[in-house]
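What follows is a short report on a single structure.
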Amino acid sequence: MLREEPTFLLSMESRLRALPTYSAILRAIAAGQTRVNEIAQRIGEQKTGISQQLQTLGELGLVRRTTPVTANSQRSR
C-alpha cells in the first residue's frame, strides 16, 4: 500500500523536474553509496551532472552532507 508513497511525495514537489533521476539518486544513497562519484556511477550519470540534483535534495531536507570528525580534510590546508 505504501510502496508508491515516496514517488508520490517526490512528484508533489514542483522543483523536481527529472523525477527518475532524483529517485535514482535517493535509491543509490539508500543502497550505501555516499560519495558523489559513487552515486553518479551507480545511476549512470556524470559526477557534474548530479551536483544540482543533490543540492536540491539537500535544500528539501531529504539528504545532507556530513563529514566524520576523524576525517583528514585536505581542503582546510
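Numbering starts fresh at 1 for the residues of each chain in the C-alpha cells, the chains themselves are lettered A, B, ... in the order given, and ligands are numbered from 1 as they appear.
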
### Near-Leu54 (chain A) list (12 Å; only C-alpha atoms; drop same-chain fewer than 4 positions) as a list of chain:residue names
A:Leu16, A:Thr21, A:Tyr22, A:Ser23, A:Ala24, A:Ile25, A:Leu26, A:Ala28, A:Ile29, A:Thr34, A:Arg35, A:Val36, A:Asn37, A:Ile39, A:Ala40, A:Lys47, A:Thr48, A:Gly49, A:Ile50, A:Gly58, A:Glu59, A:Leu60, A:Gly61, A:Leu62, A:Val63, A:Arg64, A:Arg65

### Message
With DSSP run on the backbone, what are the helix (DSSP H, G or I) residues within chain A? I'd like them as an MDAnalysis selection string.
### Response
chainID A and resid 5:11 19:30 36:43 47:49 51:59

### Task
Mind giving me the straight-line distance from CA of Pro6 (chain A) to CA of Thr67 (chain A) in Å, one decimal?
26.5 Å

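CA of Ala31 (chain A) lies 19.4 Å from CA of Pro68 (chain A).
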